[in-house]
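Everything below belongs to upload-v5.cif, which stores mmCIF, C-alpha atoms.
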data_input
#
loop_
_atom_site.label_atom_id
_atom_site.label_comp_id
_atom_site.auth_asym_id
_atom_site.auth_seq_id
_atom_site.Cartn_x
_atom_site.Cartn_y
_atom_site.Cartn_z
CA MET A 1 35.64 3.49 28.83
CA MET A 2 34.67 6.26 26.45
CA THR A 3 30.96 6.50 25.61
CA VAL A 4 29.66 7.67 22.26
CA ALA A 5 26.61 9.89 22.19
CA PHE A 6 23.73 8.59 20.08
CA ARG A 7 22.70 11.19 17.51
CA PRO A 8 19.31 10.27 16.01
CA ALA A 9 19.52 12.80 13.18
CA ILE A 10 22.88 11.52 11.97
CA TRP A 11 21.73 7.92 12.31
CA LEU A 12 18.59 8.68 10.31
CA ALA A 13 20.52 10.39 7.56
CA THR A 14 23.00 7.54 7.29
CA LEU A 15 20.24 4.94 7.22
CA ALA A 16 18.22 6.78 4.58
CA LEU A 17 21.21 7.39 2.34
CA ALA A 18 22.21 3.74 2.56
CA ALA A 19 18.69 2.71 1.67
CA MET A 20 18.70 4.98 -1.38
CA ALA A 21 21.38 2.84 -2.98
CA LEU A 22 18.97 -0.08 -2.95
CA VAL A 23 15.95 1.75 -4.34
CA PRO A 24 15.11 1.42 -8.06
CA GLY A 25 14.39 4.46 -10.18
CA LYS A 26 10.66 4.17 -9.53
CA ALA A 27 9.90 3.39 -5.90
CA LEU A 28 7.74 0.45 -5.00
CA ALA A 29 4.59 1.19 -3.06
CA TRP A 30 4.84 1.59 0.69
CA GLY A 31 8.00 -0.50 0.96
CA PHE A 32 8.25 -3.88 2.65
CA TYR A 33 7.82 -2.47 6.16
CA ALA A 34 4.53 -0.67 5.61
CA HIS A 35 3.06 -3.46 3.50
CA GLY A 36 4.12 -6.00 6.12
CA THR A 37 2.45 -3.93 8.82
CA THR A 38 -0.86 -3.92 6.93
CA ALA A 39 -0.63 -7.72 6.77
CA GLN A 40 0.07 -7.97 10.50
CA ILE A 41 -2.91 -5.74 11.29
CA ALA A 42 -5.08 -7.92 9.06
CA GLU A 43 -3.83 -11.11 10.68
CA ALA A 44 -4.63 -9.74 14.14
CA ASN A 45 -8.22 -9.01 13.08
CA ILE A 46 -9.37 -11.92 10.89
CA GLU A 47 -11.81 -14.55 12.13
CA PRO A 48 -10.44 -17.92 13.35
CA GLY A 49 -12.10 -19.72 10.44
CA THR A 50 -10.38 -17.39 7.99
CA ARG A 51 -7.00 -18.09 9.60
CA ALA A 52 -7.44 -21.86 9.22
CA LYS A 53 -8.41 -21.54 5.54
CA LEU A 54 -5.44 -19.25 4.90
CA ASP A 55 -3.04 -21.75 6.44
CA ARG A 56 -4.37 -24.43 4.15
CA LEU A 57 -4.12 -22.22 1.05
CA PHE A 58 -0.49 -21.32 1.70
CA ARG A 59 0.42 -24.99 1.25
CA ALA A 60 -0.01 -24.45 -2.50
CA GLU A 61 3.01 -22.13 -2.64
CA GLN A 62 5.28 -24.48 -4.59
CA GLN A 63 2.75 -24.69 -7.41
CA LEU A 64 3.26 -20.99 -8.17
CA GLY A 65 6.76 -21.50 -9.53
CA THR A 66 8.13 -18.37 -7.84
CA SER A 67 10.91 -19.79 -5.70
CA GLN A 68 12.66 -16.40 -5.53
CA CYS A 69 9.47 -14.79 -4.22
CA ARG A 70 8.14 -16.75 -1.26
CA LEU A 71 4.46 -16.85 -0.40
CA ARG A 72 4.18 -18.64 2.95
CA ASN A 73 2.01 -16.24 4.97
CA LEU A 74 0.17 -12.91 4.85
CA THR A 75 3.35 -10.91 5.34
CA ASP A 76 4.86 -12.58 2.28
CA ALA A 77 1.61 -11.96 0.40
CA SER A 78 1.77 -8.24 1.15
CA THR A 79 4.99 -7.83 -0.86
CA TRP A 80 4.90 -10.80 -3.27
CA PRO A 81 3.56 -8.78 -6.26
CA ASP A 82 6.42 -6.28 -5.93
CA CYS A 83 8.95 -9.12 -5.83
CA LEU A 84 7.61 -10.29 -9.21
CA ARG A 85 8.95 -7.13 -10.85
CA GLY A 86 12.25 -8.96 -11.26
CA GLU A 87 10.60 -11.21 -13.88
CA GLY A 88 8.92 -8.79 -16.23
CA TRP A 89 8.89 -11.35 -19.05
CA ARG A 90 6.45 -13.43 -17.00
CA TRP A 91 4.58 -10.92 -14.84
CA GLY A 92 4.81 -7.64 -16.77
CA TYR A 93 1.09 -7.67 -17.52
CA THR A 94 0.42 -7.16 -13.79
CA PHE A 95 2.60 -4.09 -13.30
CA ALA A 96 -0.12 -1.58 -14.29
CA TRP A 97 -2.39 -3.05 -11.62
CA HIS A 98 -0.50 -1.38 -8.75
CA TYR A 99 -1.94 2.11 -9.18
CA ARG A 100 -4.57 4.31 -10.80
CA THR A 101 -3.40 7.88 -10.55
CA ALA A 102 -5.73 10.78 -11.32
CA PRO A 103 -4.81 14.47 -11.62
CA ILE A 104 -5.53 16.34 -8.41
CA ASP A 105 -6.73 19.39 -10.38
CA GLU A 106 -9.50 17.47 -12.17
CA PRO A 107 -12.69 15.88 -10.84
CA TYR A 108 -12.18 12.35 -9.54
CA ASN A 109 -13.64 9.55 -11.66
CA PRO A 110 -12.97 5.96 -10.51
CA ARG A 111 -13.85 4.60 -13.96
CA SER A 112 -11.22 6.58 -15.86
CA ASN A 113 -7.70 5.33 -16.61
CA CYS A 114 -8.73 1.69 -16.08
CA SER A 115 -9.14 0.23 -19.56
CA GLY A 116 -9.92 -3.48 -19.50
CA GLY A 117 -9.75 -3.59 -15.73
CA ASN A 118 -6.00 -2.91 -15.78
CA CYS A 119 -5.87 -0.80 -12.66
CA ILE A 120 -5.76 -1.30 -8.94
CA LEU A 121 -9.44 -0.70 -8.20
CA ALA A 122 -10.70 -3.34 -10.62
CA GLN A 123 -8.01 -5.83 -9.62
CA ILE A 124 -8.83 -5.70 -5.91
CA GLU A 125 -12.40 -6.73 -6.70
CA ARG A 126 -11.36 -9.29 -9.32
CA ASN A 127 -8.83 -11.00 -7.10
CA GLN A 128 -11.19 -11.14 -4.13
CA ARG A 129 -13.70 -12.88 -6.36
CA ILE A 130 -11.07 -15.41 -7.53
CA LEU A 131 -9.98 -16.01 -3.93
CA ALA A 132 -13.56 -16.72 -2.89
CA ASP A 133 -14.18 -19.26 -5.67
CA GLU A 134 -13.53 -22.67 -4.10
CA SER A 135 -13.97 -24.38 -7.49
CA LEU A 136 -10.63 -22.94 -8.62
CA PRO A 137 -7.24 -24.61 -7.91
CA ASP A 138 -5.54 -23.56 -4.69
CA ASN A 139 -2.53 -22.07 -6.49
CA VAL A 140 -4.81 -19.81 -8.55
CA ARG A 141 -6.61 -18.66 -5.41
CA LEU A 142 -3.30 -18.17 -3.57
CA GLU A 143 -1.98 -15.93 -6.34
CA ALA A 144 -5.21 -13.91 -6.17
CA LEU A 145 -4.84 -13.64 -2.40
CA ALA A 146 -1.42 -12.05 -2.72
CA PHE A 147 -2.50 -9.58 -5.37
CA MET A 148 -5.55 -8.58 -3.35
CA VAL A 149 -3.62 -8.09 -0.10
CA HIS A 150 -0.89 -6.08 -1.81
CA PHE A 151 -3.21 -3.89 -3.86
CA VAL A 152 -5.33 -2.94 -0.86
CA GLY A 153 -2.10 -1.64 0.67
CA ASP A 154 -1.14 0.17 -2.51
CA VAL A 155 -4.47 1.96 -2.96
CA HIS A 156 -4.19 3.46 0.53
CA MET A 157 -0.93 5.26 -0.25
CA PRO A 158 -2.16 8.70 -1.40
CA LEU A 159 0.32 9.08 -4.24
CA HIS A 160 -0.95 5.91 -5.90
CA SER A 161 -4.19 7.77 -6.54
CA GLY A 162 -3.32 11.47 -6.65
CA ASP A 163 -0.95 12.87 -9.25
CA HIS A 164 0.30 16.29 -10.38
CA ASP A 165 1.88 15.37 -13.72
CA ASP A 166 4.83 13.90 -11.78
CA ARG A 167 4.20 10.12 -11.71
CA GLY A 168 2.63 10.32 -8.29
CA GLY A 169 5.45 12.41 -6.83
CA ASN A 170 8.28 10.31 -8.26
CA ASP A 171 9.50 13.28 -10.29
CA ARG A 172 9.53 15.73 -7.34
CA VAL A 173 12.98 15.82 -5.77
CA THR A 174 12.30 16.18 -2.06
CA ASP A 175 14.53 16.50 0.98
CA TYR A 176 13.30 14.56 4.00
CA GLY A 177 14.35 16.82 6.84
CA ILE A 178 18.13 16.82 6.70
CA VAL A 179 18.25 13.93 4.20
CA PRO A 180 18.64 15.35 0.69
CA GLY A 181 17.75 14.14 -2.77
CA LEU A 182 14.86 11.71 -2.25
CA ASN A 183 11.53 12.05 -4.02
CA LEU A 184 8.06 12.75 -2.67
CA HIS A 185 6.65 9.35 -3.60
CA TRP A 186 9.50 7.42 -2.03
CA ILE A 187 9.31 9.44 1.19
CA TRP A 188 5.65 8.47 1.63
CA ASP A 189 6.54 4.87 0.72
CA GLY A 190 9.46 4.48 3.06
CA PRO A 191 10.80 6.76 5.79
CA LEU A 192 7.55 8.59 6.53
CA ALA A 193 5.50 5.39 6.74
CA GLU A 194 8.14 3.71 8.89
CA ARG A 195 8.28 6.65 11.30
CA ALA A 196 4.49 6.72 11.48
CA ILE A 197 4.30 3.01 12.29
CA THR A 198 7.13 2.86 14.80
CA SER A 199 5.96 5.97 16.68
CA ALA A 200 2.33 4.90 17.01
CA GLN A 201 0.93 4.65 20.54
CA PRO A 202 -0.72 2.22 20.94
CA SER A 203 0.82 -0.01 18.32
CA LEU A 204 -1.01 -0.13 15.00
CA VAL A 205 -0.71 -3.92 15.08
CA ARG A 206 -3.39 -5.02 17.53
CA ARG A 207 -6.92 -6.32 17.77
CA TYR A 208 -9.35 -3.48 17.03
CA SER A 209 -12.77 -3.05 18.59
CA ALA A 210 -16.00 -3.36 16.65
CA ALA A 211 -16.46 0.41 16.92
CA GLU A 212 -12.99 1.06 15.50
CA LYS A 213 -13.63 -1.33 12.63
CA ALA A 214 -16.93 0.36 11.89
CA GLU A 215 -15.11 3.68 11.62
CA LEU A 216 -12.05 2.54 9.69
CA ALA A 217 -12.80 -0.63 7.71
CA GLY A 218 -15.77 0.34 5.56
CA GLY A 219 -16.13 1.28 1.91
CA ASP A 220 -15.08 -0.33 -1.35
CA PRO A 221 -11.99 0.03 -3.57
CA ALA A 222 -13.43 2.97 -5.52
CA GLU A 223 -14.04 4.83 -2.25
CA TRP A 224 -10.56 3.96 -0.97
CA GLY A 225 -9.04 5.33 -4.15
CA ARG A 226 -11.09 8.50 -3.79
CA GLU A 227 -9.90 8.89 -0.18
CA SER A 228 -6.26 8.65 -1.29
CA TRP A 229 -6.79 11.06 -4.18
CA GLU A 230 -8.42 13.55 -1.84
CA LEU A 231 -5.53 13.23 0.64
CA ALA A 232 -3.03 13.85 -2.15
CA ARG A 233 -5.02 16.91 -3.28
CA SER A 234 -5.79 18.40 0.12
CA PHE A 235 -2.80 17.32 2.20
CA VAL A 236 0.22 15.67 0.53
CA TYR A 237 0.96 18.33 -2.08
CA PRO A 238 -0.03 21.31 0.15
CA ASN A 239 2.13 19.86 2.95
CA ALA A 240 5.10 19.46 0.63
CA PHE A 241 4.83 22.73 -1.29
CA ASP A 242 3.13 25.12 1.17
CA CYS A 243 0.28 25.81 -1.24
CA THR A 244 -3.42 26.04 -0.45
CA ASP A 245 -4.52 25.47 -4.04
CA CYS A 246 -1.83 23.32 -5.61
CA SER A 247 -3.48 23.05 -9.03
CA GLY A 248 -0.94 25.33 -10.69
CA LYS A 249 2.66 24.64 -11.64
CA LEU A 250 4.78 23.39 -8.76
CA PRO A 251 8.56 23.47 -8.30
CA SER A 252 10.47 20.33 -9.26
CA GLU A 253 12.22 20.36 -5.86
CA THR A 254 11.02 20.90 -2.31
CA VAL A 255 11.77 20.13 1.35
CA LEU A 256 9.69 18.36 3.97
CA THR A 257 10.59 20.16 7.17
CA GLN A 258 10.36 18.51 10.57
CA GLU A 259 7.03 20.29 11.05
CA ASP A 260 5.77 18.92 7.72
CA ILE A 261 6.81 15.40 8.71
CA VAL A 262 5.14 15.58 12.12
CA ALA A 263 1.92 16.80 10.50
CA ALA A 264 1.99 13.90 8.02
CA ILE A 265 2.48 11.13 10.60
CA PRO A 266 -1.18 10.76 11.70
CA VAL A 267 -2.28 10.75 8.05
CA SER A 268 0.08 7.89 7.28
CA GLN A 269 -0.90 6.02 10.46
CA ARG A 270 -4.57 6.17 9.58
CA ARG A 271 -4.00 4.91 6.02
CA VAL A 272 -1.89 1.97 7.17
CA THR A 273 -4.51 1.07 9.78
CA GLN A 274 -7.38 1.35 7.31
CA ALA A 275 -5.55 -0.82 4.81
CA GLY A 276 -4.92 -3.56 7.37
CA LEU A 277 -8.49 -3.63 8.65
CA ARG A 278 -9.92 -3.58 5.14
CA ILE A 279 -7.68 -6.48 4.13
CA ALA A 280 -9.04 -8.41 7.12
CA ARG A 281 -12.60 -7.63 6.08
CA LEU A 282 -12.05 -8.73 2.47
CA LEU A 283 -10.42 -11.96 3.64
CA ASP A 284 -13.30 -12.76 6.00
CA GLU A 285 -15.77 -12.06 3.21
CA ALA A 286 -13.88 -14.25 0.73
CA PHE A 287 -13.65 -17.23 3.08
CA ALA A 288 -17.16 -16.96 4.52
CA PRO A 289 -19.60 -19.77 3.66
CA GLY A 290 -21.72 -19.22 0.58
CA SER A 291 -21.18 -17.15 -2.53
CA LEU A 292 -19.36 -13.84 -2.42
CA ALA A 293 -21.65 -10.89 -2.97
CA VAL A 294 -20.58 -9.26 -6.22
CA LYS A 295 -21.04 -5.52 -6.64
CA ASP A 296 -23.38 -4.44 -9.45
CA GLY A 297 -23.79 -8.05 -10.54
CA ARG A 298 -20.32 -8.17 -12.11
#
For the structure just supplied, provide its representation as structure tokens.
Amino acid sequence: MMTVAFRPAIWLATLALAAMALVPGKALAWGFYAHGTTAQIAEANIEPGTRAKLDRLFRAEQQLGTSQCRLRNLTDASTWPDCLRGEGWRWGYTFAWHYRTAPIDEPYNPRSNCSGGNCILAQIERNQRILADESLPDNVRLEALAFMVHFVGDVHMPLHSGDHDDRGGNDRVTDYGIVPGLNLHWIWDGPLAERAITSAQPSLVRRYSAAEKAELAGGDPAEWGRESWELARSFVYPNAFDCTDCSGKLPSETVLTQEDIVAAIPVSQRRVTQAGLRIARLLDEAFAPGSLAVKDGR
């Protein structure tokens, strides 16, 4: 019997090109795989009491009226807000909540580009507060849960915070190794994140120690946005364009070499891990007895 040699590079190229046919013009953040992984990390690290309250809240799914976008568990919650993009007439007002990009060549200000709370940083805090309010109907709290879980994932993807006049890398045609014609944003959303997750040793999805949580799970949404902006400024664009100071004009096309990809993997791994552990922390806070502590009295 003739055997066929497995060629990873050819398989990767075929898979990526097939996936491109399914991707809309503007990529969704971190793709289903990376978002789902953040949810699995969170689920592995929440308190038992939080898990029981989550299970009860998910029973309100039918009241949402989103039969095409299921919301049965944390993994569903991690991608539910992206699924809603198919019904812009109903959910269009939420679409600006997925990001808050800031130019990498200007000082970072978490309060800019967030009029009326219509940005990711404000919505993480708002939706955690709604989730924690037991006086509200379960379906309202369940909707807030999904937005919060998803947006914590989104804010950890560097190109949802850092921008170089290119819609967070969407306008930069970028080859991913031997795979041509992608864009920088979509690479960080999809193939790079997937490679980072699947190559991690040990697995990113596991129970983390108290020391690891202390290192990785701290901060608030404004700090998380600043972290992503700083990574875009100091790593993502320099890695993609071989520039130390990337504040000037950049080419519209570039290539991520194998060396560039390998260098980016630990960055992506850390952001996925931080997102998952921070989701777990926000969930535990929201479901803890007593009132949720509200920052600055808001």
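Shortest separation to A:Glu106 among A:Cys246, A:Leu131, A:Ala217, A:Ile187 occurs at residue A:Cys246, atoms counted being all atoms listed in the file.
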Go through A:Ser112, A:Gln63, A:Ser291, A:Gln123 and flag the residue nearest A:Pro137, using all atoms listed in the file for the distances.
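Selected residue with least distance to A:Pro137: A:Gln63.
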Closest-contact table, stretch 84-134 of chain A side, partner stretch 138-155 of chain A, 8 Å, counting only C-alpha atoms, as JSON lines:
{"residue": "A:Trp97", "atom": "CA", "partner": "A:Phe151", "partner_atom": "CA", "distance": 7.8}
{"residue": "A:His98", "atom": "CA", "partner": "A:Phe151", "partner_atom": "CA", "distance": 6.1}
{"residue": "A:Tyr99", "atom": "CA", "partner": "A:Val155", "partner_atom": "CA", "distance": 6.7}
{"residue": "A:Ile120", "atom": "CA", "partner": "A:Phe151", "partner_atom": "CA", "distance": 6.2}
{"residue": "A:Leu121", "atom": "CA", "partner": "A:Val155", "partner_atom": "CA", "distance": 7.7}
{"residue": "A:Gln123", "atom": "CA", "partner": "A:Met148", "partner_atom": "CA", "distance": 7.3}
{"residue": "A:Ile124", "atom": "CA", "partner": "A:Met148", "partner_atom": "CA", "distance": 5.1}
{"residue": "A:Glu125", "atom": "CA", "partner": "A:Met148", "partner_atom": "CA", "distance": 7.8}
{"residue": "A:Asn127", "atom": "CA", "partner": "A:Ala144", "partner_atom": "CA", "distance": 4.7}
{"residue": "A:Gln128", "atom": "CA", "partner": "A:Met148", "partner_atom": "CA", "distance": 6.2}
{"residue": "A:Ile130", "atom": "CA", "partner": "A:Arg141", "partner_atom": "CA", "distance": 5.9}
{"residue": "A:Leu131", "atom": "CA", "partner": "A:Arg141", "partner_atom": "CA", "distance": 4.5}
{"residue": "A:Ala132", "atom": "CA", "partner": "A:Arg141", "partner_atom": "CA", "distance": 7.6}
{"residue": "A:Asp133", "atom": "CA", "partner": "A:Arg141", "partner_atom": "CA", "distance": 7.6}
Just so the selection is clear, what residues does the PyMOL selection byres ((chain A and resi 109) around 12) cover here, as a ChimeraX atom specification?
/A:100-104,106-108,110-114,121,161-162,222-223,225-226,229-230
May I ask which of the residues A:Pro191, A:Pro48, A:Gly219, A:Pro251 is the closest one to A:Ala275, counting all atoms listed in the file?
A:Gly219
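For the pair atom CA of A:Ala280 and atom CA of A:Gln62, the interatomic distance is 24.5 Å.
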If I wrap all listed atoms of stretch 64-72 of chain A in a box with edges along x, y and z and add 8 Å on each side, what are its centre and edge lengths in Å to one decimal, as JSON?
{"center_x": 8.0, "center_y": -18.1, "center_z": -3.3, "size_x": 25.4, "size_y": 22.7, "size_z": 28.5}
Quick one: pull the distance between atom CA of A:Glu43 and atom CA of A:Leu283, Å, one decimal.
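According to the coordinates, atom CA of A:Glu43 and atom CA of A:Leu283 are separated by 9.7 Å.
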Result set, the PyMOL selection byres ((chain A and resi 159) around 10) on current file, as a PyMOL selection string
chain A and resi 29+99-102+154-158+160-164+167-170+184-186+188-189+228-229+231-233+236-237
Expressed in Å to a single decimal, how great is the separation between atom CA of A:Pro221 and atom CA of A:Lys53?
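If I compute the distance from atom CA of A:Pro221 to atom CA of A:Lys53, I get 23.7 Å.
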Taking the file above as input, evaluate the PyMOL selection byres ((chain A and resi 276) around 7) and report the hits as a list of chain:residue names.
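For this structure, the PyMOL selection byres ((chain A and resi 276) around 7) captures A:Thr38, A:Ala39, A:Ile41, A:Ala42, A:Val272, A:Thr273, A:Gln274, A:Ala275, A:Leu277, A:Arg278, A:Ile279, A:Ala280.
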Dump C-alpha atoms for the selected residues as a PDB file, keeping the file's coordinate frame?
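again-v3.pdb written:
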ATOM      1  CA  THR A  38      -0.860  -3.920   6.930  1.00  0.00           C
ATOM      2  CA  ALA A  39      -0.630  -7.720   6.770  1.00  0.00           C
ATOM      3  CA  ILE A  41      -2.910  -5.740  11.290  1.00  0.00           C
ATOM      4  CA  ALA A  42      -5.080  -7.920   9.060  1.00  0.00           C
ATOM      5  CA  VAL A 272      -1.890   1.970   7.170  1.00  0.00           C
ATOM      6  CA  THR A 273      -4.510   1.070   9.780  1.00  0.00           C
ATOM      7  CA  GLN A 274      -7.380   1.350   7.310  1.00  0.00           C
ATOM      8  CA  ALA A 275      -5.550  -0.820   4.810  1.00  0.00           C
ATOM      9  CA  LEU A 277      -8.490  -3.630   8.650  1.00  0.00           C
ATOM     10  CA  ARG A 278      -9.920  -3.580   5.140  1.00  0.00           C
ATOM     11  CA  ILE A 279      -7.680  -6.480   4.130  1.00  0.00           C
ATOM     12  CA  ALA A 280      -9.040  -8.410   7.120  1.00  0.00           C
TER      13      ALA A 280
END
Counting all atoms listed in the file, which residue out of A:Ser78, A:Asn239, A:Ser203, A:Ser135 sits closest to A:Ala263?
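Using all atoms listed in the file, A:Ala263 sits closest to A:Asn239.
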Calculated over all atoms listed in the file, which of the candidates A:Ala210, A:Ala34, A:Ile46, A:Ala264 has the smallest distance to A:Ala286?
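Answer, going by the shortest atom-to-atom distance: A:Ile46.
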